[in-house]
Structure formats: structure tokens, C-alpha cells
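What follows is the content of entry-v3.txt, which has compact mmCIF, C-alpha atoms:
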```txt
# COMPACT_ATOMS: atom_id res chain seq x y z
CA MET K 15 -3.52 20.59 -29.23
CA ARG K 16 -3.36 21.47 -25.54
CA ILE K 17 -5.77 18.63 -24.76
CA ARG K 18 -3.66 16.17 -26.74
CA LEU K 19 -0.53 17.27 -24.88
CA ALA K 20 -2.33 16.82 -21.58
CA GLN K 21 -3.49 13.37 -22.67
CA LEU K 22 0.05 12.47 -23.69
CA ILE K 23 1.46 13.59 -20.33
CA ALA K 24 -1.31 11.76 -18.48
CA GLY K 25 -0.56 8.63 -20.51
CA LEU K 26 3.14 8.83 -19.75
CA LEU K 27 2.44 9.34 -16.04
CA TRP K 28 0.12 6.31 -16.10
CA LEU K 29 2.82 4.22 -17.73
CA LEU K 30 5.40 5.34 -15.19
CA ALA K 31 3.03 4.61 -12.33
CA ALA K 32 1.96 1.25 -13.73
CA ALA K 33 5.37 -0.13 -14.62
CA PRO K 34 6.67 -0.99 -11.12
CA GLY K 35 3.54 -2.97 -10.34
CA GLU K 36 4.22 -5.26 -13.29
CA CYS K 37 7.78 -5.96 -12.24
CA GLN K 38 8.48 -9.25 -10.49
CA LEU K 39 11.11 -7.54 -8.37
CA PHE K 40 9.34 -5.38 -5.80
CA SER K 41 9.61 -1.60 -5.73
CA CYS K 42 9.10 1.03 -3.03
CA THR K 43 10.25 4.56 -3.72
CA LYS K 44 10.64 5.59 -0.11
CA LEU K 45 12.91 2.65 0.74
CA ASP K 46 14.93 2.66 -2.49
CA GLY K 47 18.62 2.59 -1.58
CA ALA K 48 17.94 2.13 2.14
CA LYS K 49 20.53 0.22 4.15
CA PRO K 50 19.58 -3.14 5.68
CA GLU K 51 19.38 -1.63 9.17
CA LYS K 52 16.72 0.78 7.99
CA LEU K 53 14.82 -1.95 6.15
CA LEU K 54 14.84 -4.04 9.30
CA ALA K 55 13.57 -1.15 11.42
CA TYR K 56 10.84 -0.56 8.85
CA LEU K 57 9.61 -4.15 9.06
CA GLU K 58 9.63 -4.02 12.85
CA GLN K 59 6.69 -1.62 12.74
CA ASP K 60 3.11 -2.88 12.90
CA ARG K 61 2.96 -4.83 9.65
CA ALA K 62 -0.76 -4.27 9.18
CA SER K 63 -0.09 -0.54 8.88
CA LEU K 64 2.62 -0.85 6.22
CA PRO K 65 1.97 -0.72 2.46
CA GLN K 66 2.32 -4.16 0.92
CA ASN K 67 4.73 -3.15 -1.85
CA CYS K 68 7.17 -1.65 0.68
CA VAL K 69 6.97 -4.65 3.00
CA LEU K 70 7.74 -6.97 0.09
CA PHE K 71 10.51 -4.69 -1.19
CA ALA K 72 12.16 -4.60 2.26
CA ILE K 73 11.93 -8.38 2.61
CA GLU K 74 13.41 -8.96 -0.84
CA ARG K 75 16.27 -6.51 -0.32
CA LEU K 76 17.17 -7.95 3.11
CA GLY K 77 17.38 -11.35 1.46
CA LEU K 78 19.52 -10.20 -1.44
CA ALA K 79 21.82 -8.45 1.06
CA LYS K 80 21.99 -11.70 3.10
CA TYR K 81 21.46 -9.58 6.19
CA THR K 82 21.36 -12.29 8.86
CA PRO K 83 20.34 -10.00 11.79
CA ALA K 84 16.94 -9.93 10.07
CA ILE K 85 16.39 -13.69 10.43
CA PRO K 86 14.29 -13.56 13.63
CA LEU K 87 12.06 -10.85 12.20
CA LEU K 88 11.62 -12.61 8.86
CA MET K 89 10.21 -15.61 10.72
CA LYS K 90 7.24 -13.40 11.54
CA TYR K 91 6.70 -12.71 7.84
CA LEU K 92 6.67 -16.35 6.73
CA ASP K 93 2.92 -16.14 6.17
CA TYR K 94 3.03 -12.76 4.39
CA PRO K 95 1.99 -13.47 0.78
CA ARG K 96 2.77 -11.72 -2.45
CA PRO K 97 -0.29 -10.34 -4.26
CA PRO K 98 -2.08 -13.12 -6.15
CA ASP K 99 -1.49 -13.47 -9.89
CA PRO K 100 -4.34 -11.61 -11.57
CA GLY K 101 -5.64 -14.60 -13.54
CA PRO K 102 -5.38 -18.37 -13.92
CA TRP K 103 -2.00 -18.04 -15.61
CA HIS K 104 1.19 -18.44 -13.58
CA PRO K 105 4.22 -16.62 -14.91
CA HIS K 106 6.43 -18.37 -12.38
CA ALA K 107 6.68 -21.66 -10.55
CA GLN K 108 4.45 -21.56 -7.49
CA SER K 109 7.05 -22.39 -4.87
CA VAL K 110 7.17 -21.20 -1.27
CA GLY K 111 9.78 -18.60 -2.22
CA TYR K 112 7.49 -17.13 -4.86
CA LEU K 113 4.27 -17.20 -2.86
CA TYR K 114 5.85 -16.01 0.41
CA PRO K 115 8.83 -13.72 -0.28
CA ALA K 116 10.21 -14.01 3.28
CA ALA K 117 10.88 -17.67 2.44
CA SER K 118 13.05 -16.61 -0.48
CA ALA K 119 14.84 -14.03 1.69
CA LEU K 120 15.59 -16.63 4.37
CA GLY K 121 16.81 -18.96 1.66
CA TRP K 122 19.32 -16.36 0.47
CA MET K 123 20.68 -16.20 4.02
CA GLY K 124 21.49 -19.88 3.74
CA LYS K 125 22.01 -22.31 6.58
CA ALA K 126 22.32 -19.48 9.11
CA SER K 127 18.51 -19.41 9.08
CA VAL K 128 18.08 -23.13 9.85
CA PRO K 129 18.11 -23.00 13.71
CA SER K 130 15.36 -20.37 13.70
CA LEU K 131 13.37 -22.31 11.10
CA LEU K 132 13.57 -25.47 13.21
CA SER K 133 12.32 -23.52 16.25
CA VAL K 134 9.38 -22.22 14.24
CA ILE K 135 8.46 -25.74 13.09
CA ALA K 136 8.65 -27.02 16.66
CA SER K 137 6.70 -24.17 18.22
CA SER K 138 3.11 -24.82 19.21
CA GLU K 139 2.41 -21.16 18.50
CA SER K 140 3.15 -21.49 14.78
CA SER K 141 0.32 -21.93 12.31
CA ASP K 142 0.29 -24.92 9.98
CA LEU K 143 1.10 -22.58 7.08
CA VAL K 144 4.16 -21.11 8.81
CA ARG K 145 5.32 -24.57 9.84
CA LYS K 146 4.96 -25.88 6.28
CA ASN K 147 6.75 -22.89 4.79
CA ALA K 148 9.62 -23.18 7.27
CA SER K 149 10.11 -26.87 6.54
CA GLU K 150 10.01 -26.23 2.79
CA ILE K 151 12.81 -23.68 3.10
CA ILE K 152 14.96 -26.23 4.93
CA TYR K 153 14.24 -28.91 2.34
CA ALA K 154 14.98 -26.53 -0.55
CA LEU K 155 18.19 -25.24 1.05
CA TYR K 156 19.78 -28.62 1.60
CA SER K 157 18.48 -30.18 -1.61
CA ARG K 158 20.98 -28.09 -3.55
CA GLU K 159 23.74 -30.38 -2.27
CA ASP K 160 21.98 -33.46 -0.91
CA VAL K 161 18.25 -33.98 -1.20
CA THR K 162 18.18 -36.16 1.95
CA GLU K 163 20.01 -33.78 4.26
CA GLY K 164 17.12 -31.42 5.03
CA ILE K 165 15.05 -34.42 6.10
CA ALA K 166 17.87 -35.67 8.30
CA VAL K 167 18.27 -32.22 9.86
CA MET K 168 14.59 -32.10 10.83
CA MET K 169 14.74 -35.64 12.21
CA ARG K 170 17.84 -34.87 14.30
CA ALA K 171 16.13 -31.79 15.70
CA SER K 172 13.09 -33.92 16.51
CA ARG K 173 15.17 -36.40 18.47
CA ASN K 174 16.80 -33.62 20.45
CA GLU K 175 13.45 -32.09 21.38
CA SER K 176 12.13 -32.85 24.86
CA ASP K 177 8.57 -31.64 24.28
CA ALA K 178 6.42 -34.36 22.69
CA TYR K 179 4.36 -31.97 20.52
CA SER K 180 7.45 -30.19 19.23
CA ARG K 181 9.04 -33.52 18.48
CA ALA K 182 5.96 -34.58 16.54
CA HIS K 183 5.84 -31.36 14.51
CA LEU K 184 9.47 -31.78 13.42
CA GLU K 185 9.01 -35.45 12.59
CA ASP K 186 5.83 -34.74 10.61
CA ALA K 187 7.70 -32.14 8.59
CA ALA K 188 10.54 -34.55 7.87
CA ARG K 189 8.10 -37.28 6.79
CA TYR K 190 6.21 -34.90 4.52
CA TRP K 191 9.33 -33.89 2.64
CA ALA K 192 10.62 -37.46 2.48
CA SER K 193 7.41 -38.28 0.64
CA ARG K 194 8.09 -35.44 -1.84
CA CYS K 195 11.62 -36.55 -2.74
CA PRO K 196 12.33 -37.22 -6.44
CA PRO K 197 11.63 -40.89 -7.26
CA GLU K 198 15.28 -41.85 -7.69
CA HIS K 199 16.03 -40.50 -4.18
CA GLN K 200 12.94 -41.99 -2.46
CA ASN K 201 14.79 -44.81 -0.72
CA ALA K 202 17.55 -42.52 0.53
CA CYS K 203 14.99 -40.00 1.78
CA MET K 204 13.07 -42.68 3.66
CA ALA K 205 16.33 -43.90 5.15
CA ALA K 206 17.03 -40.37 6.39
CA LEU K 207 13.95 -40.69 8.60
CA GLN K 208 15.62 -43.46 10.63
CA MET F 26 40.39 -15.90 -17.25
CA ALA F 27 39.33 -13.85 -14.21
CA GLY F 28 41.56 -10.86 -13.57
CA ASP F 29 42.51 -10.52 -17.24
CA ILE F 30 42.54 -6.73 -17.06
CA LEU F 31 45.19 -4.96 -14.99
CA PHE F 32 44.90 -1.27 -14.06
CA LEU F 33 48.23 0.34 -13.20
CA ALA F 34 48.79 3.79 -11.72
CA GLU F 35 52.21 5.07 -12.73
CA PRO F 36 53.87 8.45 -12.14
CA GLN F 37 54.03 10.50 -15.35
CA ARG F 38 57.78 11.02 -15.22
CA ASP F 39 58.97 7.60 -14.10
CA LYS F 40 57.24 4.73 -15.85
CA ARG F 41 59.35 2.21 -13.98
CA LYS F 42 57.41 2.82 -10.76
CA VAL F 43 53.91 1.50 -10.01
CA LEU F 44 51.92 3.52 -7.48
CA ALA F 45 48.97 1.14 -7.37
CA ASN F 46 47.50 -1.74 -9.29
CA GLN F 47 44.10 -3.34 -9.47
CA SER F 48 43.03 -6.35 -11.49
CA ALA F 49 39.56 -6.69 -13.01
CA SER F 50 37.65 -9.01 -15.28
CA ARG F 51 35.86 -8.48 -18.54
CA VAL F 52 32.76 -10.60 -17.98
CA SER F 53 30.43 -11.72 -20.72
CA VAL F 54 27.58 -14.21 -20.73
CA THR F 55 25.98 -16.24 -23.50
CA LEU F 56 22.39 -17.33 -22.90
CA ALA F 57 20.60 -20.45 -24.11
CA LEU F 58 17.32 -22.23 -23.35
CA ASN F 59 16.70 -25.85 -22.43
CA ALA F 60 13.00 -26.75 -22.68
CA THR F 61 13.06 -30.07 -24.49
CA ASN F 62 10.18 -32.35 -23.52
CA GLY F 63 11.31 -34.89 -20.95
CA ALA F 64 14.73 -33.34 -20.40
CA LYS F 65 16.11 -32.81 -16.90
CA PRO F 66 17.83 -29.75 -15.49
CA ALA F 67 21.58 -29.79 -16.01
CA ASP F 68 23.65 -31.81 -13.56
CA ASP F 69 25.36 -28.70 -12.21
CA ASP F 70 22.04 -26.84 -11.78
CA SER F 71 21.72 -27.24 -8.01
CA ALA F 72 18.18 -25.84 -8.00
CA GLY F 73 16.97 -28.86 -10.00
CA ASN F 74 16.11 -31.18 -7.10
CA TYR F 75 13.75 -28.76 -5.44
CA PHE F 76 12.26 -27.68 -8.78
CA ARG F 77 10.94 -31.20 -9.22
CA THR F 78 8.84 -31.02 -6.08
CA VAL F 79 6.39 -28.58 -7.69
CA ILE F 80 5.96 -30.78 -10.78
CA LEU F 81 3.38 -33.54 -10.72
CA SER F 82 4.04 -35.12 -14.11
CA GLU F 83 6.98 -37.26 -15.15
CA GLY F 84 8.45 -34.63 -17.43
CA ILE F 85 10.51 -31.89 -15.82
CA LEU F 86 11.47 -29.58 -18.65
CA GLY F 87 9.14 -28.97 -21.57
CA GLN F 88 5.49 -29.92 -20.99
CA ALA F 89 4.78 -30.43 -17.28
CA ILE F 90 1.69 -30.51 -15.10
CA ALA F 91 2.68 -28.45 -12.10
CA VAL F 92 1.33 -27.40 -8.74
CA GLY F 93 -0.55 -24.11 -8.96
CA LYS F 94 -1.61 -22.01 -6.01
CA THR F 95 -5.19 -23.21 -6.26
CA TYR F 96 -5.38 -25.36 -9.37
CA ASN F 97 -2.80 -27.48 -11.15
CA GLN F 98 -1.39 -25.86 -14.22
CA CYS F 99 -0.19 -26.73 -17.69
CA ALA F 100 3.33 -25.32 -17.62
CA ILE F 101 6.43 -25.39 -19.71
CA GLY F 102 9.53 -26.24 -17.70
CA THR F 103 12.26 -23.90 -18.84
CA GLU F 104 15.90 -23.76 -17.88
CA LEU F 105 17.77 -20.67 -18.98
CA VAL F 106 21.49 -21.32 -19.05
CA GLY F 107 24.09 -18.59 -18.93
CA THR F 108 27.63 -19.55 -19.85
CA VAL F 109 29.92 -17.06 -18.16
CA SER F 110 33.28 -15.98 -19.53
CA PRO F 111 35.70 -16.12 -17.80
CA SER F 112 34.33 -19.37 -16.38
CA ASN F 113 36.10 -18.88 -13.05
CA TYR F 114 34.36 -15.53 -12.39
CA GLN F 115 32.84 -15.77 -8.90
CA GLY F 116 30.71 -12.64 -8.71
CA LYS F 117 26.92 -12.74 -8.92
CA VAL F 118 25.40 -13.11 -12.37
CA TRP F 119 21.62 -12.80 -12.67
CA ILE F 120 19.43 -13.76 -15.57
CA ALA F 121 16.92 -10.93 -15.91
CA ARG F 122 14.09 -10.64 -18.42
CA THR F 123 11.15 -8.75 -19.77
CA GLN F 124 7.91 -10.22 -21.03
CA SER F 125 5.26 -9.29 -23.57
CA GLY F 126 2.18 -11.36 -24.21
CA ASN F 127 -1.46 -12.19 -23.71
CA THR F 128 -3.70 -14.75 -22.08
CA TYR F 129 -6.96 -16.03 -23.48
CA GLY F 130 -10.03 -17.98 -22.51
CA GLN F 131 -13.19 -17.54 -24.53
CA THR F 132 -11.75 -14.10 -25.25
CA LYS F 133 -8.62 -12.24 -24.25
CA THR F 134 -8.29 -12.34 -20.47
CA GLY F 135 -5.06 -10.50 -19.73
CA THR F 136 -1.90 -8.79 -20.89
CA LEU F 137 1.55 -9.49 -19.51
CA SER F 138 4.20 -6.84 -20.04
CA GLY F 139 7.25 -5.22 -18.52
CA ALA F 140 10.04 -6.50 -16.31
CA ASP F 141 9.77 -10.10 -15.21
CA THR F 142 13.02 -10.75 -13.35
CA GLN F 143 12.62 -13.05 -10.39
CA SER F 144 14.66 -13.08 -7.22
CA ASN F 145 13.26 -16.37 -5.91
CA LEU F 146 16.24 -18.34 -4.66
CA ASN F 147 14.45 -21.64 -5.13
CA TYR F 148 15.11 -21.74 -8.86
CA ILE F 149 18.24 -19.68 -9.31
CA VAL F 150 21.95 -20.43 -9.50
CA ASN F 151 23.62 -17.03 -9.68
CA VAL F 152 27.22 -17.81 -8.77
CA PRO F 153 28.89 -19.46 -11.78
CA THR F 154 29.35 -23.19 -11.34
CA SER F 155 32.80 -24.74 -11.38
CA PRO F 156 34.35 -25.68 -13.74
CA ALA F 157 31.73 -24.92 -16.43
CA GLY F 158 30.92 -21.34 -15.38
CA HIS F 159 27.15 -21.75 -15.72
CA VAL F 160 24.35 -19.77 -14.11
CA TYR F 161 20.75 -20.91 -14.27
CA GLU F 162 17.15 -19.86 -13.92
CA LEU F 163 14.42 -22.48 -13.81
CA ASP F 164 10.79 -21.57 -14.30
CA LEU F 165 7.34 -22.84 -15.18
CA PRO F 166 5.43 -20.34 -17.32
CA GLY F 167 1.94 -21.53 -18.13
CA THR F 168 -1.69 -21.46 -17.14
CA SER F 169 -4.29 -23.37 -15.20
CA ALA F 170 -7.47 -24.55 -16.91
CA LEU F 171 -10.63 -22.51 -16.34
CA PRO F 172 -11.30 -22.65 -12.59
CA ASN F 173 -14.25 -24.94 -11.80
CA GLY F 174 -14.58 -25.75 -15.51
CA THR F 175 -15.44 -28.94 -17.35
CA GLN F 176 -14.09 -30.83 -20.34
CA GLN F 177 -16.25 -28.56 -22.52
CA SER F 178 -14.86 -25.32 -21.10
CA PRO F 179 -12.74 -23.25 -23.49
CA PRO F 180 -9.00 -23.91 -23.00
CA GLN F 181 -7.06 -21.21 -21.19
CA ARG F 182 -4.12 -20.04 -23.28
CA TYR F 183 -0.81 -18.38 -22.45
CA ARG F 184 1.20 -16.66 -25.21
CA VAL F 185 4.26 -14.78 -24.03
CA ASN F 186 7.52 -13.60 -25.60
CA PHE F 187 10.45 -13.09 -23.28
CA THR F 188 13.69 -11.19 -23.69
CA ALA F 189 16.33 -12.50 -21.29
CA TYR F 190 19.68 -10.91 -20.53
CA ALA F 191 22.40 -11.36 -17.94
CA VAL F 192 23.33 -8.66 -15.44
CA LEU F 193 26.03 -8.44 -12.78
CA ASP F 194 25.64 -7.96 -9.02
CA ASP F 195 22.09 -6.63 -8.67
CA PRO F 196 19.08 -8.14 -10.48
CA ALA F 197 17.32 -4.78 -10.67
CA LYS F 198 20.15 -2.40 -11.47
CA GLY F 199 23.13 -4.47 -12.59
CA LYS F 200 25.19 -3.90 -15.73
CA GLN F 201 24.04 -5.98 -18.71
CA VAL F 202 26.78 -8.38 -19.83
CA SER F 203 25.02 -10.46 -22.50
CA ASP F 204 23.18 -9.93 -25.73
CA ASN F 205 19.40 -10.04 -25.52
CA PHE F 206 18.07 -13.57 -25.86
CA ASN F 207 14.53 -13.93 -27.20
CA TYR F 208 12.39 -16.94 -26.43
CA TYR F 209 8.71 -17.69 -26.04
CA ALA F 210 6.40 -19.91 -24.02
CA ALA F 211 2.99 -21.02 -25.25
CA ALA F 212 0.56 -23.28 -23.40
CA SER F 213 -3.13 -24.18 -23.59
CA CYS F 214 -4.87 -25.94 -20.76
CA GLY F 215 -8.16 -27.77 -20.23
CA TYR F 216 -9.67 -30.80 -18.52
CA ASP F 217 -10.06 -34.41 -19.56
CA ALA F 218 -13.22 -36.46 -18.95
CA ASN F 219 -12.09 -37.13 -15.36
CA LEU F 220 -11.46 -33.42 -14.77
CA ASN F 221 -7.71 -33.92 -14.69
CA THR F 222 -5.74 -30.91 -15.90
CA VAL F 223 -4.36 -31.63 -19.39
CA PHE F 224 -2.69 -29.73 -22.19
CA ALA F 225 -5.08 -28.75 -24.99
CA SER F 226 -3.64 -29.60 -28.39
CA ASP F 227 -6.07 -27.89 -30.78
CA VAL F 228 -3.52 -25.27 -31.91
CA THR F 229 -0.49 -26.15 -34.02
CA ALA F 230 2.94 -25.63 -32.46
CA ASP F 231 1.43 -25.01 -29.02
CA ASN F 232 2.62 -26.15 -25.57
CA ARG F 233 6.29 -25.45 -25.89
CA ALA F 234 9.03 -22.96 -25.19
CA ALA F 235 11.75 -22.25 -27.73
CA PRO F 236 14.16 -19.54 -28.86
CA GLY F 237 12.59 -16.87 -31.07
CA THR F 238 9.24 -15.10 -30.91
CA ILE F 239 5.58 -15.88 -31.63
CA LYS F 240 2.50 -13.88 -32.45
CA THR F 241 0.73 -13.54 -29.15
CA THR F 242 -2.76 -14.13 -30.58
CA TRP F 243 -4.79 -17.08 -29.26
CA ASN F 244 -3.80 -19.32 -32.19
CA MET F 245 -0.40 -17.67 -32.80
CA GLN F 246 -1.40 -16.88 -36.41
```
Please go through the file and, once you have read it, give me the structure as C-alpha cells.
Amino acid sequence: MRIRLAQLIAGLLWLLAAAPGECQLFSCTKLDGAKPEKLLAYLEQDRASLPQNCVLFAIERLGLAKYTPAIPLLMKYLDYPRPPDPGPWHPHAQSVGYLYPAASALGWMGKASVPSLLSVIASSESSDLVRKNASEIIYALYSREDVTEGIAVMMRASRNESDAYSRAHLEDAARYWASRCPPEHQNACMAALQ
Amino acid sequence: MAGDILFLAEPQRDKRKVLANQSASRVSVTLALNATNGAKPADDDSAGNYFRTVILSEGILGQAIAVGKTYNQCAIGTELVGTVSPSNYQGKVWIARTQSGNTYGQTKTGTLSGADTQSNLNYIVNVPTSPAGHVYELDLPGTSALPNGTQQSPPQRYRVNFTAYAVLDDPAKGKQVSDNFNYYAAASCGYDANLNTVFASDVTADNRAAPGTIKTTWNMQ
């Protein structure tokens, strides 16, 4: 009887421990209820030393709080991925906001994040992945109202850029997303490149 | 109508005086699913334009071949619709959910269970639209074919029941303001002779999402 009770308790503890890992929203006991300022300070530490679940929790919560002082820091997490799905199935659409939670957080902050995203696209120090993720956030943000506007925003930034490489990065990003426009908006998206 | 409840603080002895007042709303949400083959997201679902960029096939809702992280996937485009009452409520309304199901290849390959709420802005409208008072959640549950497989490889199958419900303010801790809404998604995925990802149609009533529940066995029997 005592063994069965112990097994039952062990089973319950396993269930409690396992449940948060299965949740699509991230969890981190030590940051639960923390204010945005504390979450920001947490992420400012050496990211390699931080547990993944807490990093992702802090990113998600900063986004849901629309805490715009975190925008510059979140740019540094644009290549920080969520853990891969454990099999070939995909419970959710594989968008930038799903694969890289900082992209979703920056999206929640809205157009306030756009100037920093444009700088990241233009920067020669950014990786191709970061550049692609940043441009996808801009496209997704503006496409809620006008699918061509994100493309136009990147093109305008390109024209205002004095450095040739930065200009090219911004224009490449605009052209890529113009090519991904829904068919019925293709002509308008191409026109936005002019 | 928003503000349909009025709290008044009155002194016990003089009911003619009002010390303070505060209006509030009694919010409720009715959920429905749109996953008809070939249908488009609703016109007031502002996440719809971006949603299309991760879909490679012509169809948007219902059966869709979609971009996977490594491999394309056979997915079911789903649009959960919450109709908010009062329709002019302007607080945040999230569509949360739990899942319960299995995945299969030659044999069972995985179990999906527990909370499945997503906070990904890309596919969410969580402030009720005007004037309809709708909130939305778009998604693409499904599976890729067997990685590096052939036309002869066993189809990969996805059998999941979902329970969706609407909550206010916080997707993790908010107050539930709808009944539970049960729906399922089932998909099977393989390759054609040219190794294109295609839906496998060897199981009856497969490759769809609809209200209700299914048996989460490989053949749903």
C-alpha cells in the first residue's frame, strides 16, 4: 500500500512537472508575475547562461505587456528559436512569430518597433536569418491594414540610406516580400517597389 | 452593450446620494470554426493576409500544403471565430485551447496533450472587430510526410481533438467567458511520384477539421 501511495505521488509530481512543457505559452516559475523591468534585466544577462524556458517566457511576457523599452534588446533575440516540435507534425503554423518568439513580441509592440527593425535589416553586422526575420515582422505588421505598406516602408528606408550595402539589404528585403504577396495583390506589391 | 452593468455606492441612510459609481460589462463569447475547403479567412480577420504567405497551395482554409520548418506539410487551415457580446467591447479577448491526440507513422509516433494556447501575434485578432465584434485565431494543424521518404513510405497521420474557449485579458490566466467548443483536426501526409508533399486519402473522413470529436486512432475507428 505504501509503495502504491509513493507511486501515485511520484506520478502526480511527474504530471505537474511535465504539464508546463506541453503548454504553447511558456512558463518559468522564478519569473512568474515579474514586472517588465525585471524581465528586461533578466534578458540583459548573458543569454547563453539562461535557461531556455525562462528566456522564452520573459520574451513572451514583454511582448504581451507591449513593453517598448525592451525593443532594442529584443532585436538581439531575433535568432533565438523555440524548441523544435518533437516530430514531423506541426501543431501550429510555422511563421516567424512561432519559430522565433522575439518576432512575436516585437509584433505585439506594433509600429514602434519598425525603426529598430529597419536598422537591423540595414546593418552589415546582422546575419541573414536576423535580417529575414526582421523584414518578415515588418511585412506581417503592415499587412493587417495594407499588404503593400510594409514593402513601401522598406523601400523608403532603402532610398534614405547613404550606405550602398545597407541600401541593398533593405531593397532585397522589400523585393522578397513583394514576391510573397497574395496573388490578387501582386501588382500593387510590385508597384510599391517603385 | 458595453457598460451595461452599473455599480453604485450609496450611503445606507440616504439612498438619494451616490458616493461613487463604476460601469462594467458582462462579456460573453460564442465560438465557431471555419475550415471549409477553399474558403478564405473572414474579411475582418486582419491576420488573413500574412497567413497566406505560409501556404503554398491555392486553398487557404481546409486542406492546404503549407511551409514547414524543414519540410512542407499537409495542414488544415482553421479559423476560430469568437463573436463577442457586447460587440463594442474593446478589451482583449483570447481564444485559448487544450489538445488531446496522437500522431502515427508505421506505428504511433507521439502524443499531444495539455494546453495549446498560442500567443503568436501573426495569426491572432484579440481586440473585437468593429462593428461585428469578432476575434480570431488562425492556425495550420497538420503533419509533414516522413522526412526523406518516398511514395511508398507510410503516411504520417495527425489525429487531435481540441477544446477551445475564450478568456479575457491574459491568455494564460484570464477568466473564461465562453462555453467550451470542441473541434478536431485530422490529416495524413505522403509523397506523390515526384516527391511532392500530398494528402494521403486512404482513410475515410480524413484531412479535415470540423466541430465535434474523433477517435484519435490512426484510422479514427
Of the candidates F:Ser125, F:Ser203, F:Gln181, F:Ser169, which one gets nearest to F:Val106 if we count all atoms listed in the file?
->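 Selected residue with least distance to F:Val106: F:Ser203.
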Any idea what's packed within 8 Å of stretch 142-156 of chain F, counting all atoms listed in the file, ignoring anything in its chain fewer than 6 positions away? Could you give it as an MDAnalysis selection string?
-> (chainID K and resid 37:39 74 109 111:112 115 118:119 121:122 154) or (chainID F and resid 69:73 75:76 109 112:123 162:164 196:197)
Emit the selected residues as a PDB file, in the frame of the given file, including C-alpha atoms.
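The resulting file, selection-v9.pdb, is reproduced below:
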```pdb
ATOM      1  CA  CYS K  37       7.780  -5.960 -12.240  1.00  0.00           C
ATOM      2  CA  GLN K  38       8.480  -9.250 -10.490  1.00  0.00           C
ATOM      3  CA  LEU K  39      11.110  -7.540  -8.370  1.00  0.00           C
ATOM      4  CA  GLU K  74      13.410  -8.960  -0.840  1.00  0.00           C
ATOM      5  CA  SER K 109       7.050 -22.390  -4.870  1.00  0.00           C
ATOM      6  CA  GLY K 111       9.780 -18.600  -2.220  1.00  0.00           C
ATOM      7  CA  TYR K 112       7.490 -17.130  -4.860  1.00  0.00           C
ATOM      8  CA  PRO K 115       8.830 -13.720  -0.280  1.00  0.00           C
ATOM      9  CA  SER K 118      13.050 -16.610  -0.480  1.00  0.00           C
ATOM     10  CA  ALA K 119      14.840 -14.030   1.690  1.00  0.00           C
ATOM     11  CA  GLY K 121      16.810 -18.960   1.660  1.00  0.00           C
ATOM     12  CA  TRP K 122      19.320 -16.360   0.470  1.00  0.00           C
ATOM     13  CA  ALA K 154      14.980 -26.530  -0.550  1.00  0.00           C
TER      14      ALA K 154
ATOM     15  CA  ASP F  69      25.360 -28.700 -12.210  1.00  0.00           C
ATOM     16  CA  ASP F  70      22.040 -26.840 -11.780  1.00  0.00           C
ATOM     17  CA  SER F  71      21.720 -27.240  -8.010  1.00  0.00           C
ATOM     18  CA  ALA F  72      18.180 -25.840  -8.000  1.00  0.00           C
ATOM     19  CA  GLY F  73      16.970 -28.860 -10.000  1.00  0.00           C
ATOM     20  CA  TYR F  75      13.750 -28.760  -5.440  1.00  0.00           C
ATOM     21  CA  PHE F  76      12.260 -27.680  -8.780  1.00  0.00           C
ATOM     22  CA  VAL F 109      29.920 -17.060 -18.160  1.00  0.00           C
ATOM     23  CA  SER F 112      34.330 -19.370 -16.380  1.00  0.00           C
ATOM     24  CA  ASN F 113      36.100 -18.880 -13.050  1.00  0.00           C
ATOM     25  CA  TYR F 114      34.360 -15.530 -12.390  1.00  0.00           C
ATOM     26  CA  GLN F 115      32.840 -15.770  -8.900  1.00  0.00           C
ATOM     27  CA  GLY F 116      30.710 -12.640  -8.710  1.00  0.00           C
ATOM     28  CA  LYS F 117      26.920 -12.740  -8.920  1.00  0.00           C
ATOM     29  CA  VAL F 118      25.400 -13.110 -12.370  1.00  0.00           C
ATOM     30  CA  TRP F 119      21.620 -12.800 -12.670  1.00  0.00           C
ATOM     31  CA  ILE F 120      19.430 -13.760 -15.570  1.00  0.00           C
ATOM     32  CA  ALA F 121      16.920 -10.930 -15.910  1.00  0.00           C
ATOM     33  CA  ARG F 122      14.090 -10.640 -18.420  1.00  0.00           C
ATOM     34  CA  THR F 123      11.150  -8.750 -19.770  1.00  0.00           C
ATOM     35  CA  GLU F 162      17.150 -19.860 -13.920  1.00  0.00           C
ATOM     36  CA  LEU F 163      14.420 -22.480 -13.810  1.00  0.00           C
ATOM     37  CA  ASP F 164      10.790 -21.570 -14.300  1.00  0.00           C
ATOM     38  CA  PRO F 196      19.080  -8.140 -10.480  1.00  0.00           C
ATOM     39  CA  ALA F 197      17.320  -4.780 -10.670  1.00  0.00           C
TER      40      ALA F 197
END
```
When you draw a straight line from atom CA of K:Ser180 to atom CA of K:Asp93, how long is it in Å?
->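 Straight-line distance from atom CA of K:Ser180 to atom CA of K:Asp93 works out to 19.7 Å.
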Length of the atom CA of K:Arg189 to atom CA of K:Ser130 vector [Å] =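 Pair atom CA of K:Arg189 / atom CA of K:Ser130 returns 19.7 Å.
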Counting all atoms listed in the file, what is within 7 Å of F:Cys99, bar same-chain residues fewer than 5 positions away, as an NGL selection string?
-> :F and (89-91 or 167-169 or 212 or 214 or 223-224)
Please write the residues from the selection above to a file, keeping C-alpha atoms, as a PDB file, in the frame of the given file.
```pdb
ATOM      1  CA  ALA F  89       4.780 -30.430 -17.280  1.00  0.00           C
ATOM      2  CA  ILE F  90       1.690 -30.510 -15.100  1.00  0.00           C
ATOM      3  CA  ALA F  91       2.680 -28.450 -12.100  1.00  0.00           C
ATOM      4  CA  GLY F 167       1.940 -21.530 -18.130  1.00  0.00           C
ATOM      5  CA  THR F 168      -1.690 -21.460 -17.140  1.00  0.00           C
ATOM      6  CA  SER F 169      -4.290 -23.370 -15.200  1.00  0.00           C
ATOM      7  CA  ALA F 212       0.560 -23.280 -23.400  1.00  0.00           C
ATOM      8  CA  CYS F 214      -4.870 -25.940 -20.760  1.00  0.00           C
ATOM      9  CA  VAL F 223      -4.360 -31.630 -19.390  1.00  0.00           C
ATOM     10  CA  PHE F 224      -2.690 -29.730 -22.190  1.00  0.00           C
TER      11      PHE F 224
END
```
Nearby residues (only C-alpha atoms) at most 7 Å from stretch 184-187 of chain K, same-chain spacing under 5 positions excluded, as a PyMOL selection string | chain K and resi 135-136+149+168-169+172
Set up a box along x, y and z of the file covering all listed atoms of stretch 115-126 of chain K, add 3 Å on every one of the six sides, and write the centre and edge lengths in Å to one decimal, as AutoDock Vina command-line options.
```
--center_x 15.6 --center_y -18.0 --center_z 4.3 --size_x 19.5 --size_y 14.6 --size_z 15.6
```
Pick the closest to chain K from F:Arg51, F:Lys65, F:Arg77, F:Arg38: which is it, counting only C-alpha atoms?
->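 Residue with the minimum atom-to-atom distance to chain K: F:Arg77.
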9 Å contact set for stretch 239-242 of chain F, only C-alpha atoms, chain neighbours under 4 positions out, as JSON, numbers by chain | {"F": [125, 126, 127, 128, 129, 133, 183, 184, 185, 186, 208, 209, 210, 211, 246]}
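With all atoms listed in the file as the basis for measurement, F:Pro166 is the residue among F:Gly174, F:Gly215, F:Pro166, F:Pro180 that approaches chain K most closely.
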Of the listed residues F:Pro172, F:Pro111, F:Gly158, F:Gly87, that which approaches chain K most closely, counting only C-alpha atoms |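 Under the stated criterion, the closest residue is F:Pro172.
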